[in-house]
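Chemist: What follows is run-v3.cif; its format and atoms are mmCIF, C-alpha atoms.
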```cif
data_data
#
loop_
_atom_site.label_atom_id
_atom_site.label_comp_id
_atom_site.auth_asym_id
_atom_site.auth_seq_id
_atom_site.Cartn_x
_atom_site.Cartn_y
_atom_site.Cartn_z
CA MET A 1 55.47 96.95 100.22
CA ASP A 2 53.73 94.85 102.86
CA SER A 3 49.98 94.60 102.26
CA ALA A 4 49.32 95.81 105.81
CA GLN A 5 50.97 99.09 104.92
CA CYS A 6 48.57 99.63 102.01
CA VAL A 7 45.81 100.62 104.42
CA PRO A 8 45.13 104.33 103.83
CA ILE A 9 46.93 106.47 106.39
CA PHE A 10 45.86 110.03 107.12
CA LEU A 11 48.71 111.84 108.85
CA VAL A 12 47.98 114.86 111.01
CA LEU A 13 51.15 116.50 112.35
CA CYS A 14 50.78 119.67 114.40
CA ILE A 15 54.40 120.85 114.67
CA PHE A 16 56.33 124.05 115.06
CA ILE A 17 55.67 125.93 111.82
CA GLN A 18 58.99 127.75 112.15
CA SER A 19 60.84 124.42 112.06
CA SER A 20 59.00 123.34 108.92
CA ALA A 21 59.71 126.64 107.23
CA ARG A 22 63.40 126.27 107.93
CA GLY A 23 63.60 122.83 106.49
CA GLN A 24 63.53 120.79 109.71
CA SER A 25 62.42 117.23 109.23
CA LEU A 26 60.86 114.78 111.68
CA GLY A 27 62.02 111.74 109.80
CA PRO A 28 65.51 110.33 109.31
CA GLU A 29 67.84 112.65 107.41
CA PRO A 30 69.64 110.78 104.66
CA SER A 31 72.23 112.66 102.67
CA GLY A 32 73.60 112.84 99.15
CA ARG A 33 72.32 110.61 96.37
CA SER A 34 70.22 108.41 98.69
CA GLN A 35 68.17 111.45 99.74
CA ALA A 36 67.51 112.36 96.11
CA VAL A 37 66.43 108.80 95.33
CA GLU A 38 64.11 108.67 98.35
CA THR A 39 62.59 112.05 97.48
CA LYS A 40 62.04 111.03 93.86
CA LYS A 41 60.45 107.75 94.94
CA THR A 42 58.14 109.55 97.40
CA LEU A 43 57.04 112.07 94.80
CA GLN A 44 56.33 109.27 92.33
CA GLU A 45 54.24 107.26 94.80
CA THR A 46 52.33 110.15 96.45
CA LYS A 47 49.25 111.42 94.63
CA THR A 48 48.05 113.61 97.50
CA ARG A 49 48.39 117.35 96.78
CA PHE A 50 49.13 119.98 99.44
CA LEU A 51 48.02 123.47 98.42
CA LEU A 52 48.81 126.80 100.11
CA PHE A 53 46.22 129.57 99.68
CA GLU A 54 47.30 133.13 100.53
CA ASP A 55 43.83 134.66 100.19
CA LYS A 56 40.35 133.96 98.84
CA THR A 57 41.32 134.73 95.24
CA SER A 58 44.41 132.51 95.25
CA GLU A 59 44.24 129.35 93.14
CA GLY A 60 46.61 127.58 95.49
CA CYS A 61 50.33 126.89 95.27
CA GLN A 62 51.44 123.27 95.56
CA ILE A 63 53.82 122.34 98.40
CA GLN A 64 55.82 119.23 97.57
CA LEU A 65 56.86 116.53 100.02
CA ASN A 66 60.53 116.58 101.05
CA ARG A 67 60.88 119.97 99.31
CA PRO A 68 60.92 122.60 102.10
CA ASP A 69 62.07 125.17 99.54
CA THR A 70 58.56 125.07 98.02
CA LEU A 71 57.26 126.76 101.20
CA GLN A 72 59.28 129.84 100.33
CA GLU A 73 58.42 129.57 96.63
CA CYS A 74 54.73 129.62 97.57
CA GLY A 75 55.23 132.69 99.75
CA PHE A 76 54.61 131.05 103.12
CA ASN A 77 54.64 133.64 105.91
CA ALA A 78 55.33 132.14 109.35
CA SER A 79 54.16 135.34 111.09
CA GLN A 80 50.60 134.96 109.77
CA PRO A 81 47.89 132.75 111.32
CA LEU A 82 47.67 129.31 109.71
CA VAL A 83 44.51 127.29 109.07
CA MET A 84 44.87 123.66 108.00
CA ILE A 85 41.94 122.18 106.09
CA ILE A 86 42.03 118.38 105.89
CA HIS A 87 39.37 117.12 103.50
CA GLY A 88 37.67 113.77 103.92
CA TRP A 89 35.91 111.63 101.35
CA SER A 90 32.52 111.49 99.74
CA GLU A 91 30.21 108.71 100.85
CA SER A 92 29.50 108.12 97.17
CA VAL A 93 33.01 106.65 96.98
CA GLN A 94 31.85 103.88 99.36
CA PHE A 95 35.06 104.08 101.37
CA SER A 96 34.73 102.39 104.75
CA PRO A 97 35.80 104.45 107.80
CA SER A 98 37.06 101.20 109.33
CA ASN A 99 39.99 101.36 106.84
CA VAL A 100 41.10 104.78 108.08
CA HIS A 101 44.14 105.21 110.33
CA LEU A 102 44.65 108.70 111.76
CA ILE A 103 48.13 109.46 113.12
CA GLY A 104 48.42 112.63 115.20
CA TYR A 105 51.53 114.15 116.75
CA SER A 106 51.35 116.46 119.79
CA LEU A 107 48.25 118.65 119.41
CA GLY A 108 47.46 116.70 116.25
CA ALA A 109 46.77 113.61 118.38
CA HIS A 110 43.80 115.36 119.99
CA VAL A 111 42.72 116.76 116.61
CA SER A 112 42.65 113.19 115.35
CA GLY A 113 40.55 112.25 118.36
CA PHE A 114 38.03 115.02 117.68
CA ALA A 115 37.83 113.96 114.02
CA GLY A 116 37.35 110.33 115.00
CA ASN A 117 34.69 111.24 117.53
CA TYR A 118 32.78 113.30 114.95
CA ILE A 119 32.95 110.61 112.27
CA GLY A 120 32.20 107.91 114.82
CA GLN A 121 28.72 109.26 115.36
CA LYS A 122 27.80 107.20 112.28
CA HIS A 123 30.61 104.66 111.82
CA LYS A 124 33.80 104.42 113.87
CA ILE A 125 37.10 104.83 112.08
CA GLY A 126 39.54 101.93 112.31
CA ARG A 127 42.50 103.29 114.26
CA ILE A 128 44.01 106.40 115.79
CA THR A 129 47.66 106.61 116.87
CA GLY A 130 48.61 109.43 119.24
CA LEU A 131 52.31 110.37 119.12
CA ASP A 132 53.17 112.09 122.42
CA ALA A 133 49.79 113.81 122.56
CA ALA A 134 49.94 117.37 123.94
CA GLY A 135 49.75 117.68 127.73
CA PRO A 136 48.93 121.34 128.55
CA LEU A 137 45.16 121.98 128.71
CA PHE A 138 44.47 118.27 128.08
CA GLU A 139 45.93 116.50 131.14
CA ARG A 140 43.19 115.21 133.48
CA THR A 141 40.37 116.43 131.22
CA PRO A 142 37.25 114.37 130.39
CA PRO A 143 37.54 111.89 127.47
CA SER A 144 35.31 114.11 125.33
CA ASP A 145 37.89 116.93 125.54
CA ARG A 146 40.93 114.92 124.38
CA LEU A 147 41.96 111.79 122.50
CA SER A 148 40.34 108.77 124.15
CA PRO A 149 39.64 105.08 123.41
CA ASP A 150 36.10 106.01 122.33
CA ASP A 151 37.34 107.91 119.26
CA ALA A 152 38.15 104.83 117.12
CA SER A 153 37.81 101.07 117.10
CA PHE A 154 41.43 100.94 118.27
CA VAL A 155 43.53 103.71 119.83
CA ASP A 156 47.23 103.39 120.67
CA ALA A 157 49.42 106.12 122.13
CA ILE A 158 53.18 106.60 122.56
CA HIS A 159 54.31 108.84 125.45
CA THR A 160 57.88 110.18 125.25
CA PHE A 161 58.10 113.56 127.03
CA THR A 162 55.91 113.61 130.14
CA ARG A 163 58.52 115.16 132.47
CA GLU A 164 56.86 118.00 134.35
CA HIS A 165 58.13 121.58 134.55
CA MET A 166 56.20 123.91 136.86
CA GLY A 167 53.32 121.45 136.95
CA LEU A 168 53.07 121.05 133.16
CA SER A 169 54.48 118.52 130.71
CA VAL A 170 54.81 118.82 126.93
CA GLY A 171 53.31 115.36 126.42
CA ILE A 172 50.27 114.01 128.22
CA LYS A 173 51.04 111.53 130.98
CA GLN A 174 47.69 109.85 131.61
CA PRO A 175 46.58 106.86 129.49
CA ILE A 176 44.48 107.96 126.50
CA GLY A 177 44.21 104.78 124.39
CA HIS A 178 43.52 101.07 124.52
CA TYR A 179 47.30 100.56 124.69
CA ASP A 180 49.57 103.30 126.03
CA PHE A 181 53.31 102.85 125.48
CA TYR A 182 55.88 104.52 127.76
CA PRO A 183 59.36 104.07 126.22
CA ASN A 184 62.06 104.49 128.90
CA GLY A 185 59.32 105.42 131.35
CA GLY A 186 57.86 108.08 129.05
CA SER A 187 59.26 111.07 130.93
CA PHE A 188 62.45 111.64 128.92
CA GLN A 189 64.39 109.86 126.19
CA PRO A 190 68.02 108.70 125.92
CA GLY A 191 70.22 110.88 123.71
CA CYS A 192 68.09 113.97 124.36
CA HIS A 193 69.93 115.47 127.33
CA PHE A 194 71.55 118.91 126.97
CA LEU A 195 74.87 117.15 127.42
CA GLU A 196 74.23 115.85 123.90
CA LEU A 197 74.07 119.42 122.55
CA TYR A 198 77.65 119.43 121.23
CA LYS A 199 76.95 116.24 119.32
CA HIS A 200 73.78 117.76 117.87
CA ILE A 201 75.67 120.92 116.84
CA ALA A 202 78.12 118.79 114.86
CA GLU A 203 75.21 117.05 113.10
CA HIS A 204 72.67 119.87 112.67
CA GLY A 205 74.57 123.15 113.03
CA LEU A 206 72.57 126.15 114.28
CA HIS A 207 69.37 124.12 114.49
CA ALA A 208 70.90 121.96 117.25
CA ILE A 209 69.37 123.92 120.16
CA THR A 210 65.76 123.63 118.97
CA LYS A 211 66.39 120.02 117.97
CA THR A 212 67.67 119.21 121.48
CA ILE A 213 64.67 120.90 123.11
CA LYS A 214 62.20 118.99 120.90
CA CYS A 215 64.20 115.75 120.99
CA SER A 216 62.12 113.77 123.51
CA HIS A 217 58.81 115.07 122.16
CA GLU A 218 59.68 114.13 118.57
CA ARG A 219 61.07 110.75 119.62
CA SER A 220 57.50 109.40 119.48
CA VAL A 221 57.46 110.14 115.73
CA HIS A 222 60.85 108.52 115.16
CA LEU A 223 59.81 105.42 117.11
CA PHE A 224 56.73 105.02 114.92
CA ILE A 225 58.75 105.54 111.73
CA ASP A 226 61.30 103.02 113.04
CA SER A 227 58.60 100.36 113.24
CA LEU A 228 58.03 100.82 109.50
CA LEU A 229 61.68 100.99 108.48
CA HIS A 230 62.85 97.93 110.43
CA ASP A 231 60.23 95.28 109.84
CA GLY A 232 62.36 92.54 111.41
CA MET A 233 63.30 94.55 114.52
CA GLN A 234 59.99 95.35 116.17
CA SER A 235 60.17 96.64 119.76
CA THR A 236 58.19 94.74 122.39
CA ALA A 237 56.62 96.53 125.37
CA TYR A 238 55.29 94.93 128.54
CA LEU A 239 52.33 95.60 130.82
CA CYS A 240 53.59 97.11 134.09
CA SER A 241 52.44 99.43 136.87
CA ASP A 242 55.43 101.80 136.66
CA MET A 243 59.00 102.15 135.42
CA ASP A 244 60.51 101.28 138.81
CA SER A 245 58.94 97.82 138.72
CA PHE A 246 59.91 97.44 135.09
CA SER A 247 63.55 98.33 135.88
CA GLN A 248 63.60 95.40 138.29
CA GLY A 249 62.65 93.08 135.45
CA LEU A 250 59.36 92.17 137.14
CA CYS A 251 57.11 92.72 134.11
CA LEU A 252 58.53 90.64 131.22
CA ASN A 253 55.36 88.61 130.83
CA CYS A 254 53.48 88.07 127.56
CA ARG A 255 50.72 85.82 128.86
CA LYS A 256 47.11 86.92 128.30
CA GLY A 257 48.01 89.96 126.21
CA ARG A 258 50.47 91.43 128.72
CA CYS A 259 52.88 92.51 125.96
CA ASN A 260 52.48 94.16 122.58
CA THR A 261 54.45 95.61 119.67
CA LEU A 262 55.25 99.31 119.62
CA GLY A 263 54.35 101.23 116.46
CA TYR A 264 52.54 100.50 113.23
CA HIS A 265 52.41 96.72 113.71
CA VAL A 266 50.77 96.83 117.14
CA ARG A 267 48.42 93.94 117.85
CA GLN A 268 45.01 95.60 117.75
CA GLN A 269 43.02 94.25 120.69
CA PRO A 270 40.60 96.85 122.10
CA GLN A 271 40.37 96.68 125.89
CA SER A 272 37.72 97.88 128.29
CA LYS A 273 40.49 99.52 130.33
CA SER A 274 43.65 101.25 129.12
CA LYS A 275 46.83 99.19 129.39
CA LYS A 276 50.15 100.86 130.26
CA LEU A 277 53.14 99.18 128.65
CA PHE A 278 56.82 99.91 129.24
CA LEU A 279 60.03 99.20 127.35
CA VAL A 280 63.61 100.40 127.02
CA THR A 281 64.96 101.74 123.71
CA ARG A 282 68.30 102.77 122.24
CA ALA A 283 69.17 106.45 121.75
CA GLN A 284 69.02 106.15 117.95
CA SER A 285 67.47 104.05 115.21
CA PRO A 286 67.09 101.13 115.17
CA PHE A 287 65.63 101.61 118.64
CA LYS A 288 65.00 97.97 119.56
CA VAL A 289 66.72 96.40 122.57
CA TYR A 290 66.50 92.90 124.07
CA HIS A 291 65.15 92.69 127.63
CA TYR A 292 66.35 90.19 130.26
CA GLN A 293 65.40 89.67 133.89
CA PHE A 294 68.13 88.37 136.19
CA LYS A 295 67.49 87.01 139.70
CA ILE A 296 70.27 86.26 142.15
CA ARG A 297 70.34 85.29 145.84
CA PHE A 298 73.35 85.32 148.16
CA VAL A 299 73.26 82.53 150.73
CA ASN A 300 75.57 84.10 153.35
CA GLN A 301 74.28 85.30 156.71
CA ILE A 302 75.22 88.97 156.22
CA GLU A 303 75.11 91.04 159.42
CA LYS A 304 75.24 94.48 157.76
CA PRO A 305 74.42 95.52 154.17
CA ILE A 306 77.41 95.77 151.86
CA GLU A 307 77.47 97.63 148.55
CA PRO A 308 79.83 95.94 146.10
CA THR A 309 79.75 96.55 142.36
CA PHE A 310 79.49 93.62 139.95
CA THR A 311 79.83 93.12 136.21
CA MET A 312 78.43 90.38 133.99
CA SER A 313 79.61 89.12 130.64
CA LEU A 314 76.98 87.23 128.64
CA LEU A 315 77.97 84.63 126.08
CA GLY A 316 75.31 83.70 123.52
CA THR A 317 75.26 81.50 120.46
CA LYS A 318 75.65 84.59 118.24
CA GLU A 319 77.94 86.92 120.17
CA GLU A 320 79.22 87.98 123.60
CA MET A 321 78.44 91.13 125.59
CA GLN A 322 81.22 91.97 128.02
CA LYS A 323 81.36 93.71 131.39
CA ILE A 324 77.80 94.91 131.86
CA PRO A 325 77.76 96.91 135.15
CA ILE A 326 75.42 95.65 137.89
CA THR A 327 74.47 97.75 140.93
CA LEU A 328 72.13 96.33 143.54
CA GLY A 329 70.29 99.21 145.19
CA GLY A 330 70.32 99.33 148.97
CA GLY A 331 73.27 96.99 149.28
CA ILE A 332 73.36 93.24 149.79
CA THR A 333 71.70 91.62 152.78
CA SER A 334 71.06 87.98 153.63
CA ASN A 335 67.97 85.99 152.65
CA LYS A 336 66.93 88.41 149.92
CA THR A 337 66.47 87.76 146.22
CA TYR A 338 67.60 90.54 143.89
CA SER A 339 65.85 91.06 140.58
CA PHE A 340 67.10 93.49 137.94
CA LEU A 341 66.67 94.29 134.25
CA ILE A 342 69.44 94.04 131.69
CA THR A 343 68.96 95.30 128.12
CA LEU A 344 71.17 94.48 125.14
CA ASP A 345 71.44 96.48 121.92
CA SER A 346 71.93 93.37 119.81
CA ASP A 347 70.66 89.80 119.65
CA ILE A 348 73.26 87.52 121.23
CA GLY A 349 71.22 84.41 120.44
CA GLU A 350 70.59 81.76 123.07
CA LEU A 351 72.36 82.56 126.33
CA VAL A 352 74.80 79.74 127.22
CA MET A 353 77.25 81.19 129.77
CA ILE A 354 77.47 83.99 132.36
CA LYS A 355 80.69 85.43 133.76
CA PHE A 356 79.94 87.15 137.07
CA LYS A 357 82.67 89.34 138.59
CA TRP A 358 83.01 91.31 141.81
CA GLU A 359 84.57 94.52 140.48
CA ASN A 360 85.75 96.19 143.69
CA SER A 361 89.15 97.84 144.04
CA THR A 362 92.13 96.49 145.96
CA VAL A 363 91.33 98.90 148.79
CA TRP A 364 87.83 97.40 149.14
CA ALA A 365 89.32 93.90 149.01
CA ASN A 366 91.54 94.73 152.00
CA VAL A 367 88.57 96.16 153.90
CA TRP A 368 86.54 93.04 153.06
CA ASN A 369 89.29 90.74 154.37
CA THR A 370 89.41 92.75 157.60
CA VAL A 371 85.64 92.47 158.00
CA GLN A 372 85.90 88.69 157.58
CA THR A 373 88.12 88.44 160.67
CA ILE A 374 85.68 90.48 162.78
CA ILE A 375 82.24 89.25 161.71
CA PRO A 376 81.54 85.51 161.94
CA TRP A 377 79.69 84.23 158.84
CA GLY A 378 78.58 80.95 160.33
CA ALA A 379 79.79 77.62 161.58
CA GLU A 380 80.31 76.09 158.14
CA PRO A 381 83.92 76.29 156.91
CA CYS A 382 82.74 77.27 153.44
CA CYS A 383 81.04 80.39 154.69
CA HIS A 384 83.93 82.19 156.44
CA SER A 385 84.74 84.49 153.52
CA GLY A 386 83.38 85.82 150.27
CA LEU A 387 79.81 85.87 148.98
CA LEU A 388 78.09 82.58 148.32
CA LEU A 389 76.21 82.68 144.99
CA LYS A 390 74.94 79.31 143.82
CA THR A 391 72.59 80.08 140.92
CA ILE A 392 71.50 82.84 138.57
CA ARG A 393 68.02 82.70 137.08
CA VAL A 394 67.28 84.44 133.79
CA LYS A 395 64.19 85.21 131.74
CA SER A 396 64.21 86.62 128.20
CA GLY A 397 61.41 89.07 127.49
CA GLU A 398 61.50 88.64 123.72
CA THR A 399 61.53 84.80 123.70
CA GLN A 400 59.79 84.31 127.09
CA ARG A 401 62.32 81.59 127.83
CA ARG A 402 63.43 80.86 131.43
CA MET A 403 66.91 79.56 132.22
CA THR A 404 68.92 78.62 135.33
CA PHE A 405 72.72 78.92 135.54
CA CYS A 406 74.89 77.20 138.16
CA SER A 407 78.50 77.77 139.15
CA GLU A 408 80.86 75.85 136.89
CA ASN A 409 83.12 75.04 139.87
CA THR A 410 80.88 73.35 142.42
CA ASP A 411 83.81 72.80 144.80
CA ASP A 412 84.32 76.53 145.37
CA LEU A 413 81.18 78.65 145.42
CA GLN A 414 82.74 81.66 147.16
CA LEU A 415 82.99 84.93 145.25
CA HIS A 416 85.69 87.37 146.44
CA PRO A 417 86.59 90.96 145.47
CA ASN A 418 88.21 91.14 142.00
CA GLN A 419 87.26 87.52 141.33
CA GLU A 420 85.21 86.21 138.39
CA LYS A 421 83.00 83.13 138.49
CA ILE A 422 81.63 81.26 135.47
CA PHE A 423 78.01 80.07 135.47
CA VAL A 424 76.69 77.55 132.95
CA LYS A 425 73.23 76.19 132.20
CA CYS A 426 72.04 73.61 134.66
CA GLU A 427 68.98 71.53 135.51
CA LEU A 428 67.76 71.76 139.10
CA ASN A 429 65.24 69.46 140.72
CA SER A 430 61.72 69.60 139.34
CA LYS A 431 60.36 71.66 142.22
CA ILE A 432 62.83 74.49 141.65
CA SER A 433 62.86 74.33 137.85
CA LYS A 434 59.10 74.80 137.73
CA ARG A 435 59.23 77.86 139.94
CA LYS A 436 58.27 80.84 137.83
CA ILE A 437 60.11 84.11 137.59
CA ARG A 438 57.61 86.84 138.20
#
```
Please re-express this file's structure in structure tokens.

Modeler:
Amino acid sequence: MDSAQCVPIFLVLCIFIQSSARGQSLGPEPSGRSQAVETKKTLQETKTRFLLFEDKTSEGCQIQLNRPDTLQECGFNASQPLVMIIHGWSESVQFSPSNVHLIGYSLGAHVSGFAGNYIGQKHKIGRITGLDAAGPLFERTPPSDRLSPDDASFVDAIHTFTREHMGLSVGIKQPIGHYDFYPNGGSFQPGCHFLELYKHIAEHGLHAITKTIKCSHERSVHLFIDSLLHDGMQSTAYLCSDMDSFSQGLCLNCRKGRCNTLGYHVRQQPQSKSKKLFLVTRAQSPFKVYHYQFKIRFVNQIEKPIEPTFTMSLLGTKEEMQKIPITLGGGITSNKTYSFLITLDSDIGELVMIKFKWENSTVWANVWNTVQTIIPWGAEPCCHSGLLLKTIRVKSGETQRRMTFCSENTDDLQLHPNQEKIFVKCELNSKISKRKIR
């Protein structure tokens, strides 16, 4: 185990008690022999005891990790009020609060904040992680009434279900830490739509409905667990004002602390002001994707906006990703640079070639040819038809590398409906090559 993971972790999870009683699990659900091995390993390594007391005279019944059946064996009654007592440590042990990491999910995130605030009156605890901290009754409240950056030396928060219903959201939307992460914008998560219900029924049976409802909220927990399970596939998030700007690829900048790692291995740099970071993730573990910004500019003098659909195939040193759909919002006009974000589920290595295709139907091609005879594109012979695309500029978020790609066929730069052009790496003059992609 990595030495960084040996730091004591106190986990506070405020979840639906009914789900726990029925054997629902927030973590990955292995099956068969592997589950038995993992459970045995966990029980061997964990010395913490969880005791359930039914009344004052009870000596306490031990609830075992990964053994939901022990809840029933101990007589747990979900209809009764539940009080959770989380003990601390004696100062005689000489245990430094700076080594403590509180992790709170939903309401537990704010509970962690209250605990940190209380302890911090003497010595601040090291870190608090809020996993989709509860929104109702906490949104837009003073820092003293919720989790805030003042509650620990470092506070990070992951927001995954901030979509509002009747003015309320399950997860809190406002920043509450030094670094606040908003995967996929934070409002909702991929793979959690009700259209996925049939898939969930096949996997989880009768529990599929509750699992679908809680899917986005619990995604914060799975993302944090993912950062521990996949040490070599850490997800990078980027400082940005909102998801719209991020979706245009305008925020893939790591200079001066503008990016950070999501999850356990976050770079702990307390800030005077909360930083909002965005990223895209996959619908299942491993959640990491690779972010790219693409910038293109059509040279033609276009009289009226047109709305073609394009696809790109990306060839890297490791593999090729084919036919990625590209839609430019608002249509194409002249003298405008278009920036957009592309994410890949796998590492294709160093990008070496781009295949750019105009994917319109034959009907659109006929319409386009008719338009060419009506609208003059300019005096130059080369500009009487097609779209003129000379270069494609690319920036990788993960490597921070900038690249320029030029048309392989410099004699014919026109792109027509149903036609594919190949772009390869090129070196432009020094003035252009030094121009930075925002």

Chemist: Separation of CA of Leu223 in chain A and CA of Asp244 in chain A, in Å?

Modeler: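 Value for the CA of Leu223 in chain A-CA of Asp244 in chain A distance: 22.1 Å.
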
Chemist: Excluding Pro270 in chain A and its own-chain neighbours fewer than 2 positions away, which residues fall within 10 Å of it when counting all atoms listed in the file? Please give them as a short mmCIF file (atom, residue, chain, number, x, y, z; two decimals) with C-alpha atoms, in the frame of the given file.

Modeler:
```
data_model
loop_
_atom_site.label_atom_id
_atom_site.label_comp_id
_atom_site.auth_asym_id
_atom_site.auth_seq_id
_atom_site.Cartn_x
_atom_site.Cartn_y
_atom_site.Cartn_z
CA PRO A 149 39.64 105.08 123.41
CA ALA A 152 38.15 104.83 117.12
CA SER A 153 37.81 101.07 117.10
CA PHE A 154 41.43 100.94 118.27
CA VAL A 155 43.53 103.71 119.83
CA ASP A 156 47.23 103.39 120.67
CA GLY A 177 44.21 104.78 124.39
CA HIS A 178 43.52 101.07 124.52
CA TYR A 179 47.30 100.56 124.69
CA ARG A 267 48.42 93.94 117.85
CA GLN A 268 45.01 95.60 117.75
CA SER A 272 37.72 97.88 128.29
CA LYS A 273 40.49 99.52 130.33
CA SER A 274 43.65 101.25 129.12
CA LYS A 275 46.83 99.19 129.39
#
```

Chemist: Show which residues sit within 8 Å of Cys259 in chain A, as a PyMOL selection string. Count all atoms listed in the file, and ignore same-chain residues fewer than 3 positions away.

Modeler: chain A and resi 236-239+252-255+277

Chemist: Which one of A:Leu415, A:Val289, A:Ile342, A:Val424 sits closest to Gly249 in chain A if you count only C-alpha atoms?

Modeler: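 Checking each candidate against Gly249 in chain A, we get A:Ile342 as the closest.
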
Chemist: Taking the file as shown, find all residues satisfying the PyMOL selection byres ((chain A and resi 52-55) around 12) and write them as a list in words.

Modeler: Arg49, Phe50, Leu51, Lys56, Thr57, Ser58, Glu59, Gly60, Cys61, Gln62, Ile63, Gln64, Thr70, Leu71, Gln72, Glu73, Cys74, Gly75, Phe76, Asn77, Ala78, Gln80, Pro81, Leu82, Val83, Met84 and Ile85 of chain A

Chemist: Report as a count of residues only the full result of the PyMOL selection byres ((chain A and resi 182) around 12) when it is applied to this structure.

Modeler: 48

Chemist: What is the CA of Val100 in chain A to CA of Gly120 in chain A distance in Å?

Modeler: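 According to the coordinates, CA of Val100 in chain A and CA of Gly120 in chain A are separated by 11.6 Å.
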
Chemist: Need the shell around Asp345 in chain A: protein/DNA/RNA residues with any atom at most 12 Å away, counting only C-alpha atoms. Skip same-chain ones fewer than 5 positions apart. Format as a PyMOL selection string?

Modeler: chain A and resi 233+235+280-292+319-321+324

Chemist: Output the selection as a PDB file, keeping the file's coordinate frame - C-alpha atoms for each residue.

Modeler:
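For reference, part.pdb as written:
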```
ATOM      1  CA  MET A 233      63.300  94.550 114.520  1.00  0.00           C
ATOM      2  CA  SER A 235      60.170  96.640 119.760  1.00  0.00           C
ATOM      3  CA  VAL A 280      63.610 100.400 127.020  1.00  0.00           C
ATOM      4  CA  THR A 281      64.960 101.740 123.710  1.00  0.00           C
ATOM      5  CA  ARG A 282      68.300 102.770 122.240  1.00  0.00           C
ATOM      6  CA  ALA A 283      69.170 106.450 121.750  1.00  0.00           C
ATOM      7  CA  GLN A 284      69.020 106.150 117.950  1.00  0.00           C
ATOM      8  CA  SER A 285      67.470 104.050 115.210  1.00  0.00           C
ATOM      9  CA  PRO A 286      67.090 101.130 115.170  1.00  0.00           C
ATOM     10  CA  PHE A 287      65.630 101.610 118.640  1.00  0.00           C
ATOM     11  CA  LYS A 288      65.000  97.970 119.560  1.00  0.00           C
ATOM     12  CA  VAL A 289      66.720  96.400 122.570  1.00  0.00           C
ATOM     13  CA  TYR A 290      66.500  92.900 124.070  1.00  0.00           C
ATOM     14  CA  HIS A 291      65.150  92.690 127.630  1.00  0.00           C
ATOM     15  CA  TYR A 292      66.350  90.190 130.260  1.00  0.00           C
ATOM     16  CA  GLU A 319      77.940  86.920 120.170  1.00  0.00           C
ATOM     17  CA  GLU A 320      79.220  87.980 123.600  1.00  0.00           C
ATOM     18  CA  MET A 321      78.440  91.130 125.590  1.00  0.00           C
ATOM     19  CA  ILE A 324      77.800  94.910 131.860  1.00  0.00           C
TER      20      ILE A 324
END
```

Chemist: As an exercise, work out the distance from CA of Ser112 in chain A to CA of Ser169 in chain A in Å and give it to one decimal place.

Modeler: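 Value for the CA of Ser112 in chain A-CA of Ser169 in chain A distance: 20.1 Å.
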
Chemist: Of the candidates A:Ile125, A:Cys426, A:Leu168, A:Leu351, which one gets nearest to Arg401 in chain A if we count all atoms listed in the file?

Modeler: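 Distance minimum relative to Arg401 in chain A lands on A:Leu351.
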
Chemist: On this structure, the PyMOL selection byres ((chain A and resi 385-400) around 6) would catch which residues? List them as a compact mmCIF listing (two decimals) with C-alpha atoms, in the coordinates of the input, sorted by chain and number.

Modeler:
```
# COMPACT_ATOMS: atom_id res chain seq x y z
CA LEU A 252 58.53 90.64 131.22
CA HIS A 291 65.15 92.69 127.63
CA TYR A 292 66.35 90.19 130.26
CA GLN A 293 65.40 89.67 133.89
CA PHE A 294 68.13 88.37 136.19
CA LYS A 295 67.49 87.01 139.70
CA ILE A 296 70.27 86.26 142.15
CA PHE A 298 73.35 85.32 148.16
CA VAL A 299 73.26 82.53 150.73
CA ASN A 300 75.57 84.10 153.35
CA GLN A 372 85.90 88.69 157.58
CA CYS A 383 81.04 80.39 154.69
CA HIS A 384 83.93 82.19 156.44
CA ARG A 401 62.32 81.59 127.83
CA ARG A 402 63.43 80.86 131.43
CA MET A 403 66.91 79.56 132.22
CA THR A 404 68.92 78.62 135.33
CA PHE A 405 72.72 78.92 135.54
CA CYS A 406 74.89 77.20 138.16
CA LEU A 413 81.18 78.65 145.42
CA GLN A 414 82.74 81.66 147.16
CA LEU A 415 82.99 84.93 145.25
CA HIS A 416 85.69 87.37 146.44
```

Chemist: Leaving out Lys124 in chain A and any residue of its chain fewer than 5 positions from it, which residues lie within 10 Å of it when counting only C-alpha atoms, given as a list in words?

Modeler: Ser96, Pro97, Ser98, Asn99, Val100, Gly116, Asn117, Tyr118, Ile119, Asp150, Asp151, Ala152, Ser153 and Phe154 of chain A

Chemist: Name the closest residue to Lys357 in chain A among the candidates A:Phe138, A:Tyr264, A:Tyr338, A:Phe310; distances are taken between atoms, counting only C-alpha atoms.

Modeler: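 Of A:Phe138, A:Tyr264, A:Tyr338, A:Phe310, the one nearest Lys357 in chain A is A:Phe310, counting only C-alpha atoms.
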
Chemist: With only C-alpha atoms as the atoms that count, which of A:Gln271, A:Asn260, A:Thr317, A:Asn418 lies nearest to Glu350 in chain A?

Modeler: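 Nearest to Glu350 in chain A: A:Thr317.
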
Chemist: When you count all atoms listed in the file, which of these residues is closest to Gly130 in chain A: A:Gly108, A:Pro142, A:Gly329, A:Gly167?

Modeler: A:Gly108
